[in-house]
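> Here it is: the structure, laid out below.
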Amino acid sequence: MKFEFHDSTLSEIADEGGEVVFRFRPAYVCVEEDDALFGYEQDVDLRFFEARLLSRPTVIPVWTSDGHLRTIGGEVFDGLIPIPFSIQEEVSFSGFTAEGESYHVVAASCTVEPIGMRSFVEKIR
């Protein structure tokens with residue numbers, strides 16, 4: 001299962017005392033089963049630890065049109081990231097909204113957490 005950064009709704013960016021949480025309500029999630037690919041909506045939290053929020057959109061909630069998660073070790077997640085998932089090294093998450101505004105956070109580590117149940121949207125292939 002993978003969280004797709006675009007086609008998701010960024011509903012909140014919360015500062016929780018050293019943690020920054022990007023809440024997507026809903027997120028677009030892709031699930032591959034056998035040779036088929038399905039799209040679902042599911043709430044997802046990206047939680048960043050020991051985080052510094054460098055930029056944020058002025059309009060929230062907003063659709064995201066792009067997103068990239070990069071680790072200090074050179075791993076890049078361009079548009080998609082597995083869920084649930086945990087990265088225990090320095091990360092940078094950045095991208096753009098459908099309104100053309102940017103967001104950017106750097107952190108010591110992060111988790112990608114599905115919240116609740118997913119609901120079917122479409123069969124992709």
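Ligands are numbered from 1 in the order shown, residues from 1 within each chain, and chains are lettered A, B, ... in the order they appear in the structure tokens.
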Could you tell me, as a VMD selection string, which residues of range 47-96 of chain A DSSP assigns to strand (DSSP E or B) when given the backbone?

chain A and resid 47 to 49 52 to 55 62 to 71 76 to 78 80 to 82 85 to 87 91 to 96

> Show me, as an NGL selection string, the residues that have an atom within 8 Å of range 19-31 of chain A when counting only C-alpha atoms, minus same-chain residues fewer than 2 positions from it.

:A and (1-17 or 33 or 37-53)

> Do you know which residues are at most 12 Å from Phe77 in chain A counting only C-alpha atoms, after dropping those on the same chain fewer than 6 positions away, and could you put them as number ranges by chain?

A: 2-5, 66-71, 85, 87, 91-95

> Need the shell around Leu54 in chain A: protein/DNA/RNA residues with any atom at most 10 Å away, counting only C-alpha atoms. Skip same-chain ones fewer than 4 positions apart. Format as a PyMOL selection string?

chain A and resi 94+102-106

> Mind pulling up the distance from CA of Ile72 in chain A to CA of Pro114 in chain A?

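Separation between CA of Pro114 in chain A and CA of Ile72 in chain A: 24.0 Å.
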
> Nearest to Val62 in chain A: which of A:Glu101, A:Glu89, A:Asp35, A:Glu75 is it, counting only C-alpha atoms?

A:Glu101
